[in-house]
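Following: one structure in C-alpha cells, then a few remarks.
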Amino acid sequence: MKKLKNKILFTLGLMLCFVAGKAASKERPNILFILIDDLGKEWVHTFGSDEKLTPNLDKLASTGVKFNNVYSCPQCTPTRVTLMTGQYPYRHGWINHWDVPRWGGGAHFDPEQNPAVARQMRDAGYSTCIAGKWQVNDFRMQPDVLNDFGFDDYCMWTGYEAGNKPSGKRYWDPYIHTKEGSKTYKGQFGDEIFSDFIVDFMRKHKEDPFFIYYPMALTHGPLTTTPLEPNVEGKVDKHRAMVRYTDYVVKKFTDALEEMGLRENTIIVWTTDNGTSGSLTGPLNGRMVKGGKGKTIEPGIDAPFIVNCPGLVPEGVVSEELIDFSDMFPTFVDLAGGKLPAEHHIDGVSAADLFLGKTKKGKRDWILAMGSHPAQRLKNGRIANQFEFRNRVIKNKQYKVFIDVDRKPIAFYDLEADPAEENNLIDNLTKAQEKEFKKLVKVLDGIPEKDANPHYTPLPDRSWYVEPGWGMGNKRK
C-alpha cells in the first residue's frame with residue numbers, strides 16, 4: 001500500500017512538473033524574425049518613404065516600436081553571418097560576399113567553428129525553423145547542415161548552384177531544399193511557399209515556444225511579378241509589386257497568429273539585410289535616394305527595424321537608441337531565457353529590455369557596419385578577404401566616421417544636419433564635434449589590427465560537379 005501511495009505521489013509530481021513546464025513555455029515569447037533582402041528605408045512608408053506601399057508594416061510600426069538607428073552590413077553575406085553569430089565581420093571573417101553554391105572553393109559557413117543563434121534557441125527549449133534564402137552552404141555537399149546550425153525544420157532556396165540551372169530560380173518555379181531533398185516547384189512562387197511553410201510550422205508547434213527565422217527572397221532581383229500582381233510590367237512597377245508582396249506576407253502572419261491565439265505572445269521583428277540595389281531610386285522625405293547596397297553610406301546600412309507584440313512590446317514608440325546586427329543573437333537568446341555560448345566571443349549586446357519597454361535607454365554608445373563585394377580565392381584554396389583591414393563606419397546617434405583600409409579616419413558627418421552625407425567635416429571640426437570624433441575613433445582601440453578570414457574546415461571543391469538527377473525533383477537517399 002505504501003509503495004502504491006509513493007507511486008501515485010511520484011506520478012502526480014511528474015504531472016505537476018509537466019504542467020509547470022507548459023506554463024513556463026507559455027510565458028516565454030515566440031519569436032518571428034523577418035529579414036527582407038535588399039530594401040532601404042526609401043521604400044518603407046513608415047520610415048519616410050513617399051511611396052505608400054506598406055500599410056501592414058506601417059501598422060506594425062505604429063502599434064509597436066520603430067527603431068531609427070539600426071545598422072546592418074552593406075551586403076548579404078556579412079549581414080547574415082553577423083546576425084547568426086553575434087560577431088562582427090572582423091571576428092567571424094565573412095567580411096566579403098561569397099556565394100558558396102555558385103563559387104564553391106570548399107568554403108562554407110561551418111557549424112563546428114562558428115556560434116549559431118538557432119542552436120542556442122534550441123538549447124533553451126525552443127522549436128526552431130528557417131525558410132527563405134541561405135547561400136552560405138551548398139546543400140548538395142551538406143544536405144543536413146541547417147540542422148547542425150540548430151534548425152529543426154527548413155524550407156530553403158540554397159542560392160544558385162554551379163552547373164545546376166534550375167537552382168537559379170527563387171521566385172516563379174523556385175528550386176527549394178527541404179528534408180525531402182531539393183526540387184523545382186513548378187508554377188509556384190518562392191515566398192508564398194516559404195510563408196506557407198512558416199504558418200504550418202507555427203500551427204504544429206503552437207504549444208511550444210518557437211523561434212522562426214525568415215530570410216525572404218524578396219525584394220532582391222531579378223525583378224518579377226507576384227501572385228498578387230501577375231501582370232505588372234516595367235522595372236519600377238515590378239519592384240513596387242515585390243515590396244507590396246512583402247507587406248502582404250506581414251498580414252498573412254499576423255492573421256495566422258491571431259487565428260491560433262498566439263499573437264500576444266509572439267514577438268515579430270521585421271528588418272532588412274542591406275539597402276536597395278543601386279539600380280533603383282526611391283523617394284525619402286522629399287528627396288530621391290539611390291539604392292545603397294554594397295556601400296557604407298546610410299542608404300546601404302541604415303536598416304528599417306520594427307518590433308511588435310501586443311501585450312509584450314509597447315505601442316507607438318519611436319526609439320532613437322542604437323542597435324546593430326551583432327545584437328540579434330544575444331537579444332533573441334535573452335528573450336528565450338537561454339545562455340550565450342561560453343566557447344565563443346559574442347560582440348553584440350542584448351536589446352531585449354528595449355524591445356519589451358523595460359528601459360528607454362539602450363546599452364550602446366556606437367554601432368558599426370562593414371563588408372561588401374566578393375572575396376578572393378587564394379592559391380592554397382582558402383577563401384580570404386580582399387584587405388587585411390576592411391574599411392568600416394562607426395556611428396553614434398548624431399555623428400558618423402568613415403575608417404579607411406589603413407585604419408585612418410577619412411570622413412566625418414553630422415547626420416542630423418546632413419542626412420545625405422554631403423558635407424565632410426573632418427578638416428573643419430568645432431570643439432564639440434572634435435570631442436565626438438575622438439570618441440568614435442577610439443572604438444578602433446578595441447578592434448583587432450587585422451581582420452579574420454572565414455572560419456571553416458575546407459570541404460572538397462566540387463562546385464563544378466552536379467550529381468545526376470539534381471534539379472529534377474529527386475529525393476536524397
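Each chain of the C-alpha cells is named A, B, ... in the order shown, its residues numbered from 1; ligands are numbered from 1 in display order.
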Could you list, with a cut-off of 7 Å and counting only C-alpha atoms, the residues of region 43-153 of chain A near region 257-278 of chain A, each shown with its nearest atom pair and the distance in Å rounded to one decimal, rows sorted by chain and ascending number, as JSON lines?
```
{"residue": "A:Ser72", "atom": "CA", "partner": "A:Asp273", "partner_atom": "CA", "distance": 6.0}
{"residue": "A:Cys73", "atom": "CA", "partner": "A:Asn274", "partner_atom": "CA", "distance": 6.2}
{"residue": "A:Pro74", "atom": "CA", "partner": "A:Asn274", "partner_atom": "CA", "distance": 5.1}
{"residue": "A:Gln75", "atom": "CA", "partner": "A:Asn274", "partner_atom": "CA", "distance": 5.7}
{"residue": "A:Cys76", "atom": "CA", "partner": "A:Asp273", "partner_atom": "CA", "distance": 6.3}
{"residue": "A:Thr79", "atom": "CA", "partner": "A:Asp273", "partner_atom": "CA", "distance": 6.0}
```
Subject >> Picked from region 228-308 of chain A by DSSP as helix (DSSP H, G or I), as a ChimeraX atom specification >> reply: /A:235-260,263-265,298-301
Dump of C-alpha atoms for the selected residues, as a tab-separated table (two decimals), in the first residue's frame:
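Writing done, so here's part-v9.tsv:
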```
chain	number	residue	atom	x	y	z
A	235	LYS	CA	11.22	47.81	-63.75
A	236	VAL	CA	9.98	50.17	-61.04
A	237	ASP	CA	6.43	48.83	-61.05
A	238	LYS	CA	7.72	45.27	-60.61
A	239	HIS	CA	9.82	46.45	-57.68
A	240	ARG	CA	6.76	48.14	-56.16
A	241	ALA	CA	4.82	44.89	-56.59
A	242	MET	CA	7.58	42.97	-54.80
A	243	VAL	CA	7.52	45.46	-51.91
A	244	ARG	CA	3.73	45.17	-51.71
A	245	TYR	CA	4.05	41.39	-51.53
A	246	THR	CA	6.46	41.61	-48.59
A	247	ASP	CA	3.84	43.78	-46.89
A	248	TYR	CA	1.11	41.26	-47.69
A	249	VAL	CA	3.15	38.50	-46.03
A	250	VAL	CA	3.22	40.51	-42.78
A	251	LYS	CA	-0.60	40.49	-42.67
A	252	LYS	CA	-0.61	36.80	-43.57
A	253	PHE	CA	1.47	36.11	-40.46
A	254	THR	CA	-0.41	38.42	-38.08
A	255	ASP	CA	-3.75	36.97	-39.23
A	256	ALA	CA	-2.48	33.42	-38.74
A	257	LEU	CA	-1.11	34.23	-35.27
A	258	GLU	CA	-4.45	35.81	-34.29
A	259	GLU	CA	-6.33	32.74	-35.50
A	260	MET	CA	-4.01	30.45	-33.48
A	263	ARG	CA	-0.46	36.98	-31.49
A	264	GLU	CA	0.01	38.37	-27.96
A	265	ASN	CA	2.89	36.01	-27.22
A	298	GLU	CA	23.33	55.44	-44.91
A	299	PRO	CA	21.10	54.08	-47.72
A	300	GLY	CA	23.27	50.93	-47.70
A	301	ILE	CA	23.26	50.14	-43.97
```
**OP:** For Leu335 (chain A), work out the shell of residues within 8 Å, counting only C-alpha atoms and skipping chain neighbours fewer than 2 positions away, then give it as a list in words.
**Re:**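 Once the nearby chain positions are removed, what remains is Arg28, Pro29, Thr331, Phe332, Val333, Gly337, Gly338 and Ala352 of chain A.
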Original post:
What does the distance from CA of Lys66 (chain A) to CA of Glu315 (chain A) come to in Å, to one decimal?
Top reply: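 Those two atoms sit 9.5 Å apart.
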Subject >> Distance query Ser195 (chain A) at most 9 Å, only C-alpha atoms, self and fewer than 4 positions along chain excluded, as number ranges by chain >> reply: A: 131-132, 190-191, 199-200, 214, 216, 249, 252-253
Original post:
Do you have the CA of Asn396 (chain A)-CA of Trp94 (chain A) distance handy?
Top reply: 24.2 Å
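The interatomic distance for the pair CA of Leu368 (chain A) and CA of Trp98 (chain A) works out to 20.8 Å.
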**OP:** Kindly indicate which residue among A:Ile36, A:Ala452, A:Met328, A:Val318 lies nearest to Asn68 (chain A), using only C-alpha atoms for the distances.
**Re:**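 Closest candidate: A:Val318.
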Original post:
Could you pull the residues within 10 Å of region 115-125 of chain A, counting only C-alpha atoms, minus those fewer than 4 positions along the same chain, as JSON, numbers by chain?
Top reply: {"A": [25, 28, 81, 82, 83, 84, 85, 86, 87, 92, 110, 111, 129, 130, 146, 147, 148, 149, 150, 151, 152, 208, 209, 210, 211, 212, 213, 328, 329, 330, 331, 332, 333, 334, 335, 336, 337, 338, 339, 340, 341, 342, 343, 344, 345, 346]}
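DSSP annotation of region 52-92 of chain A from backbone atoms: strand (DSSP E or B) residues are Val65, Lys66, Phe67, Asn68, Asn69, Val70 and Tyr71 of chain A.
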Atoms to include: N, CA and C atoms. Write the selected residues as a short mmCIF file (atom, residue, chain, number, x, y, z; two decimals), in the first residue's frame.
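Saved file again-v2.cif follows:
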```
data_model
loop_
_atom_site.label_atom_id
_atom_site.label_comp_id
_atom_site.auth_asym_id
_atom_site.auth_seq_id
_atom_site.Cartn_x
_atom_site.Cartn_y
_atom_site.Cartn_z
N VAL A 65 7.25 49.11 -31.69
CA VAL A 65 8.40 50.01 -31.55
C VAL A 65 9.11 50.11 -32.90
N LYS A 66 9.30 51.34 -33.33
CA LYS A 66 10.06 51.62 -34.55
C LYS A 66 11.42 52.16 -34.15
N PHE A 67 12.49 51.47 -34.57
CA PHE A 67 13.85 51.88 -34.25
C PHE A 67 14.46 52.60 -35.46
N ASN A 68 14.99 53.79 -35.22
CA ASN A 68 15.53 54.61 -36.30
C ASN A 68 17.04 54.51 -36.47
N ASN A 69 17.73 53.92 -35.50
CA ASN A 69 19.20 53.87 -35.55
C ASN A 69 19.70 52.44 -35.46
N VAL A 70 19.49 51.69 -36.54
CA VAL A 70 19.90 50.28 -36.59
C VAL A 70 20.80 50.09 -37.81
N TYR A 71 21.95 49.47 -37.59
CA TYR A 71 22.89 49.19 -38.69
C TYR A 71 22.90 47.71 -39.03
#
```
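Comparing the minimum interatomic distances between Tyr399 (chain A) and each of A:Asn428, A:Thr63, A:Gln433, A:Ser279, counting only C-alpha atoms, we find that A:Gln433 sits nearest.
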